[in-house]
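**Q** Take a look at input.cif, mmCIF, C-alpha atoms:
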data_final
#
loop_
_atom_site.label_atom_id
_atom_site.label_comp_id
_atom_site.auth_asym_id
_atom_site.auth_seq_id
_atom_site.Cartn_x
_atom_site.Cartn_y
_atom_site.Cartn_z
CA MET A 160 0.00 0.00 0.00
CA LYS A 161 2.85 2.36 0.92
CA LYS A 162 4.57 1.62 -2.37
CA LEU A 163 1.34 2.26 -4.23
CA LEU A 164 0.98 5.62 -2.51
CA LEU A 165 4.55 6.52 -3.37
CA ILE A 166 4.06 5.58 -7.01
CA SER A 167 0.84 7.57 -7.22
CA LEU A 168 2.69 10.57 -5.76
CA LEU A 169 5.40 10.23 -8.39
CA LEU A 170 2.78 10.14 -11.11
CA LEU A 171 1.16 13.38 -9.97
CA THR A 172 1.44 16.05 -12.59
CA GLY A 173 1.01 18.85 -10.11
CA CYS A 174 0.55 22.49 -10.92
CA GLN A 175 3.45 23.75 -12.96
CA ALA A 176 3.86 27.47 -13.36
CA VAL A 177 4.25 28.56 -16.96
CA PRO A 178 7.89 29.72 -17.16
CA VAL A 179 7.11 32.90 -19.11
CA VAL A 180 7.52 36.04 -17.06
CA GLU A 181 7.83 39.45 -18.59
CA LYS A 182 10.12 41.74 -16.64
CA PHE A 183 8.76 45.22 -15.96
CA PRO A 184 10.94 47.54 -18.04
CA ASP A 185 13.40 49.79 -16.21
CA VAL A 186 12.78 53.50 -16.43
CA PRO A 187 15.70 55.68 -17.53
CA LYS A 188 17.26 57.12 -14.35
CA GLU A 189 16.98 60.68 -15.71
CA LEU A 190 13.20 60.37 -15.58
CA LEU A 191 13.20 59.39 -11.93
CA VAL A 192 14.55 62.77 -10.79
CA SER A 193 11.78 65.18 -9.86
CA CYS A 194 11.70 68.69 -11.30
CA PRO A 195 13.52 71.30 -9.18
CA ASP A 196 11.82 74.21 -7.45
CA LEU A 197 12.02 77.56 -9.21
CA SER A 198 14.78 79.94 -8.16
CA LYS A 199 13.90 83.09 -6.24
CA VAL A 200 15.28 86.58 -6.39
CA GLU A 201 17.25 87.75 -3.35
CA SER A 202 14.89 90.01 -1.45
CA ASN A 203 17.43 92.81 -0.91
CA THR A 204 18.33 93.18 -4.59
CA ALA A 205 17.50 96.37 -6.45
CA LYS A 206 18.92 95.37 -9.80
CA LEU A 207 16.72 94.39 -12.72
CA SER A 208 19.54 92.29 -14.16
CA ASP A 209 19.38 90.00 -11.09
CA VAL A 210 15.66 89.54 -11.60
CA LEU A 211 16.25 88.83 -15.29
CA GLU A 212 18.84 86.20 -14.47
CA VAL A 213 16.52 84.42 -12.06
CA VAL A 214 13.65 84.58 -14.53
CA SER A 215 15.77 83.15 -17.35
CA THR A 216 17.05 80.41 -15.03
CA ASN A 217 13.48 79.54 -14.18
CA TYR A 218 12.60 79.33 -17.86
CA SER A 219 15.44 76.86 -18.30
CA LYS A 220 14.18 74.83 -15.35
CA TYR A 221 10.72 74.75 -16.91
CA TYR A 222 12.09 73.48 -20.24
CA GLU A 223 14.22 70.84 -18.51
CA CYS A 224 11.12 69.68 -16.69
CA LYS A 225 9.16 69.70 -19.96
CA VAL A 226 11.82 67.47 -21.51
CA LYS A 227 11.33 64.98 -18.67
CA ILE A 228 7.54 64.98 -18.92
CA ASP A 229 7.55 64.69 -22.72
CA ASN A 230 9.99 61.81 -22.54
CA TRP A 231 7.97 60.12 -19.79
CA ILE A 232 4.97 60.22 -22.13
CA GLU A 233 7.02 58.90 -25.03
CA TRP A 234 8.55 56.17 -22.84
CA TYR A 235 5.13 55.11 -21.57
CA ASN A 236 3.53 55.04 -25.02
CA SER A 237 6.43 53.06 -26.51
CA GLN A 238 6.48 50.54 -23.66
CA GLN A 239 2.71 50.15 -23.85
CA LYS A 240 2.94 49.47 -27.58
CA ILE A 241 5.64 46.85 -26.96
CA PHE A 242 3.64 45.26 -24.15
CA ASN A 243 0.48 45.11 -26.28
CA SER A 244 2.40 43.50 -29.14
CA ILE A 245 2.91 40.38 -26.99
CA LYS A 246 0.05 37.98 -27.67
CA MET B 128 4.08 12.46 -15.01
CA TRP B 129 6.52 15.25 -14.27
CA LEU B 130 9.21 12.59 -13.97
CA LEU B 131 8.83 12.05 -17.72
CA HIS B 132 10.33 15.53 -18.23
CA PHE B 133 13.68 14.08 -17.17
CA VAL B 134 13.55 11.54 -19.98
CA PRO B 135 14.93 12.85 -23.29
CA ASP B 136 12.14 13.60 -25.78
CA ASN B 137 13.52 11.37 -28.51
CA LEU B 138 13.83 8.41 -26.16
CA LEU B 139 10.30 8.95 -24.86
CA HIS B 140 8.92 9.14 -28.38
CA TYR B 141 10.81 5.98 -29.29
CA VAL B 142 9.51 4.09 -26.24
CA ILE B 143 5.89 5.16 -26.86
CA ASN B 144 6.11 4.11 -30.51
CA ALA B 145 7.72 0.82 -29.46
CA PHE B 146 4.84 0.15 -27.05
CA LEU B 147 2.24 1.07 -29.65
CA PHE B 148 3.70 -1.07 -32.41
CA SER B 149 4.33 -3.94 -30.00
CA GLY B 150 0.68 -3.75 -28.99
CA ILE B 151 -0.47 -3.75 -32.62
CA GLY B 152 1.91 -6.60 -33.41
CA LEU B 153 0.71 -8.61 -30.44
CA TYR B 154 -2.91 -7.96 -31.37
CA ILE B 155 -2.30 -9.29 -34.89
CA LEU B 156 -0.49 -12.24 -33.35
CA GLY B 157 -3.53 -12.79 -31.16
CA LEU B 158 -5.75 -12.90 -34.24
CA LEU B 159 -3.39 -15.34 -35.93
CA SER B 160 -3.17 -17.54 -32.84
CA ASN B 161 -6.37 -19.27 -33.99
CA PHE B 162 -4.29 -20.79 -36.77
CA ILE B 163 -1.15 -21.52 -34.76
CA ARG B 164 -1.85 -24.47 -32.54
CA PHE B 165 0.78 -24.01 -29.82
CA MET B 166 -0.37 -20.41 -29.26
CA THR B 167 -4.06 -21.14 -28.88
CA PRO B 168 -3.95 -21.45 -25.05
CA TYR B 169 -2.37 -17.95 -24.80
CA LYS B 170 -4.82 -16.33 -27.20
CA GLU B 171 -6.88 -14.45 -24.56
CA MET B 172 -3.83 -13.38 -22.61
CA ILE B 173 -2.19 -12.02 -25.76
CA ARG B 174 -5.35 -10.10 -26.68
CA ILE B 175 -5.66 -8.56 -23.21
CA ILE B 176 -2.00 -7.57 -23.06
CA SER B 177 -2.01 -6.18 -26.59
CA THR B 178 -5.21 -4.19 -25.99
CA LEU B 179 -3.78 -2.78 -22.78
CA LEU B 180 -0.52 -1.92 -24.55
CA ILE B 181 -2.39 -0.15 -27.36
CA ILE B 182 -4.63 1.82 -24.96
CA VAL B 183 -1.75 2.86 -22.68
CA SER B 184 0.55 3.79 -25.56
CA ILE B 185 -2.20 5.82 -27.32
CA TYR B 186 -2.83 7.63 -24.03
CA PHE B 187 0.86 8.40 -23.63
CA TYR B 188 1.15 9.36 -27.30
CA GLY B 189 -1.65 11.89 -26.78
CA ARG B 190 0.00 13.25 -23.65
CA TYR B 191 3.36 13.41 -25.40
CA THR B 192 2.05 15.35 -28.40
CA THR B 193 0.04 17.73 -26.18
CA ASP B 194 3.11 18.29 -24.04
CA GLN B 195 5.20 19.02 -27.11
CA GLU B 196 2.61 21.51 -28.35
CA TRP B 197 2.60 23.31 -25.00
CA ARG B 198 6.36 23.37 -24.88
CA ALA B 199 6.41 24.92 -28.36
CA LYS B 200 3.88 27.54 -27.23
CA VAL B 201 5.93 28.35 -24.13
CA GLU B 202 9.09 28.65 -26.23
CA ALA B 203 7.29 30.98 -28.65
CA ALA B 204 6.02 33.08 -25.74
CA GLN B 205 9.51 33.20 -24.21
CA ALA B 206 10.94 34.34 -27.54
CA GLN B 207 8.29 37.07 -27.77
CA VAL B 208 9.04 38.24 -24.24
CA ALA B 209 12.78 38.29 -24.94
CA ALA B 210 12.18 40.33 -28.11
CA ALA B 211 9.91 42.72 -26.18
CA GLU B 212 12.53 43.15 -23.46
CA ALA B 213 15.18 43.92 -26.07
CA LYS B 214 12.85 46.48 -27.69
CA ALA B 215 12.10 48.01 -24.27
CA GLN B 216 15.82 48.38 -23.64
CA GLN B 217 16.21 49.98 -27.05
CA VAL B 218 13.45 52.50 -26.22
CA ASN B 219 15.19 53.28 -22.91
CA THR B 220 18.46 54.01 -24.70
CA GLN B 221 16.67 56.26 -27.21
CA VAL B 222 14.83 58.14 -24.46
CA GLU B 223 18.01 58.53 -22.39
CA THR B 224 19.92 59.90 -25.36
CA LYS B 225 17.08 62.30 -26.16
CA ILE B 226 16.90 63.61 -22.59
CA VAL B 227 20.66 64.19 -22.42
CA THR B 228 20.73 65.95 -25.81
CA GLN B 229 17.69 68.13 -25.14
CA THR B 230 18.89 69.07 -21.65
CA GLN B 231 22.27 70.01 -23.05
CA VAL B 232 20.61 72.29 -25.63
CA ILE B 233 18.65 74.00 -22.82
CA HIS B 234 21.85 74.46 -20.75
CA ASP B 235 23.70 75.91 -23.72
CA LYS B 236 20.85 78.34 -24.40
CA GLN B 237 20.80 79.32 -20.71
CA ILE B 238 24.53 80.12 -20.81
CA VAL B 239 24.02 82.29 -23.91
CA ILE B 240 21.17 84.18 -22.21
CA GLN B 241 23.25 84.68 -19.03
CA HIS B 242 26.06 86.13 -21.15
CA GLU B 243 23.60 88.43 -22.91
CA ILE B 244 22.30 89.68 -19.56
CA GLN B 245 25.86 90.21 -18.27
CA ALA B 246 26.70 92.15 -21.43
CA VAL B 247 23.88 94.66 -20.93
CA GLU B 248 23.80 94.49 -17.14
CA LYS B 249 25.07 98.03 -16.53
CA GLN B 250 22.75 99.47 -19.17
CA ILE B 251 19.69 97.75 -17.69
CA ASP B 252 20.49 98.57 -14.09
CA SER B 253 21.33 102.23 -14.80
CA GLU B 254 18.10 102.92 -16.63
CA CYS B 255 15.72 101.06 -14.39
CA LYS B 256 14.96 101.50 -10.74
CA LEU B 257 13.48 98.36 -9.28
CA ASP B 258 10.62 98.65 -6.86
CA PRO B 259 10.96 96.06 -4.02
CA VAL B 260 7.41 94.92 -4.74
CA VAL B 261 8.65 93.51 -8.07
CA VAL B 262 10.94 91.09 -6.23
CA LYS B 263 8.09 90.07 -3.97
CA ILE B 264 5.75 89.42 -6.89
CA VAL B 265 8.38 87.45 -8.83
CA ASN B 266 9.17 85.34 -5.76
CA ASP B 267 5.50 84.76 -5.03
CA ALA B 268 5.02 83.59 -8.61
CA ALA B 269 8.04 81.28 -8.31
CA GLN B 270 6.70 79.75 -5.10
CA ASN B 271 5.05 76.36 -5.60
CA PRO B 272 1.40 76.90 -4.55
CA ASN B 273 1.13 73.31 -3.35
CA GLU B 274 4.04 73.81 -0.97
CA VAL B 275 2.44 76.96 0.40
CA LYS B 276 -0.72 74.97 1.24
CA LYS B 277 1.29 72.53 3.34
#
Can you present the structure in this file as structure tokens?

**A**
Amino acid sequence: MKKLLLISLLLLTGCQAVPVVEKFPDVPKELLVSCPDLSKVESNTAKLSDVLEVVSTNYSKYYECKVKIDNWIEWYNSQQKIFNSIK
Amino acid sequence: MWLLHFVPDNLLHYVINAFLFSGIGLYILGLLSNFIRFMTPYKEMIRIISTLLIIVSIYFYGRYTTDQEWRAKVEAAQAQVAAAEAKAQQVNTQVETKIVTQTQVIHDKQIVIQHEIQAVEKQIDSECKLDPVVVKIVNDAAQNPNEVKK
């Protein structure tokens, strides 16, 4: 009886996991850095050139942030297209 | 059944075919045993064994072919996943390159603007008197409203 049990155990098919796992794609590290805060003008300044410098720096920060967001969207859309292509 | 995975496919196929053809051969032998005198007493036994052999080998043949089909499907799926991962990596490289290039363009432009401001700094500052309220308004505008709420 014991042998019979052992044999029946050996014959069990069991539940085998399908060995197909898709790895979640890594995000480029540049996209994982949050956008910086905008720069501020020193409160004791009386020069318009200082204000201009800060404003132009802030414009640059905005465009750097825009680059990140636009590329996040592109990355997401591309990865989604790749993911959906797997049947 | 999972133990059969350790047996090489070719060997398994060979064994199943051997069982099947042995069963068919034995069955035919069983039919012929009516005409062969010394085999007549074993006729029933031969028929039972051959029938069992045929049934078992057909069952295993079915399992074997189904298993092969599933393995082929899994291999195809694995190949698709590998191709998708390679494409995903390619997209990452493209996006990374784009970010670096575009950010560099913004930096370069920023440097040019800073130089322009420095070039006309004296002119701007001499002709314009800045009211302190301007600084306050600019700084208020630069302040993240969501941080103020906190």

**Q** Can you translate the PyMOL selection byres ((chain B and resi 221-229) around 12) into the concrete residues it hits in this file, as a ChimeraX atom specification?

**A** /A:185-191,219,222-238 /B:214-220,230-236

**Q** Mind giving me the straight-line distance from CA of Thr167 in chain B to CA of Phe146 in chain B in Å, one decimal?

**A**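 These atoms are spaced 23.1 Å apart.
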
**Q** What gap, in Å, lies between CA of Asp252 in chain B and CA of Thr216 in chain A?

**A**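 Interatomic distance, CA of Asp252 in chain B to CA of Thr216 in chain A: 18.5 Å.
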
**Q** Taking all atoms listed in the file into account, name the residue in B:Lys249, B:Tyr191, B:Phe162, B:Lys170 that is nearest to Val142 in chain B.

**A**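 Comparing B:Lys249, B:Tyr191, B:Phe162, B:Lys170 against Val142 in chain B, the winner is B:Tyr191.
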
**Q** Give me the residues near range 198-204 of chain A as number ranges by chain, where near means some atom within 12 Å (using all atoms listed in the file) and where sequence neighbours in that chain fewer than 3 positions away do not count.

**A** A: 195, 207-221; B: 252, 256-271

**Q** What gap, in Å, lies between CA of Leu156 in chain B and CA of Ile182 in chain B?

**A**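 Atom-to-atom, CA of Leu156 in chain B to CA of Ile182 in chain B, that is 16.9 Å.
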
**Q** Using all atoms listed in the file, can you tell me which of A:Lys206, A:Ser193, A:Phe183, A:Gln239 comes closest to chain B?

**A** A:Lys206
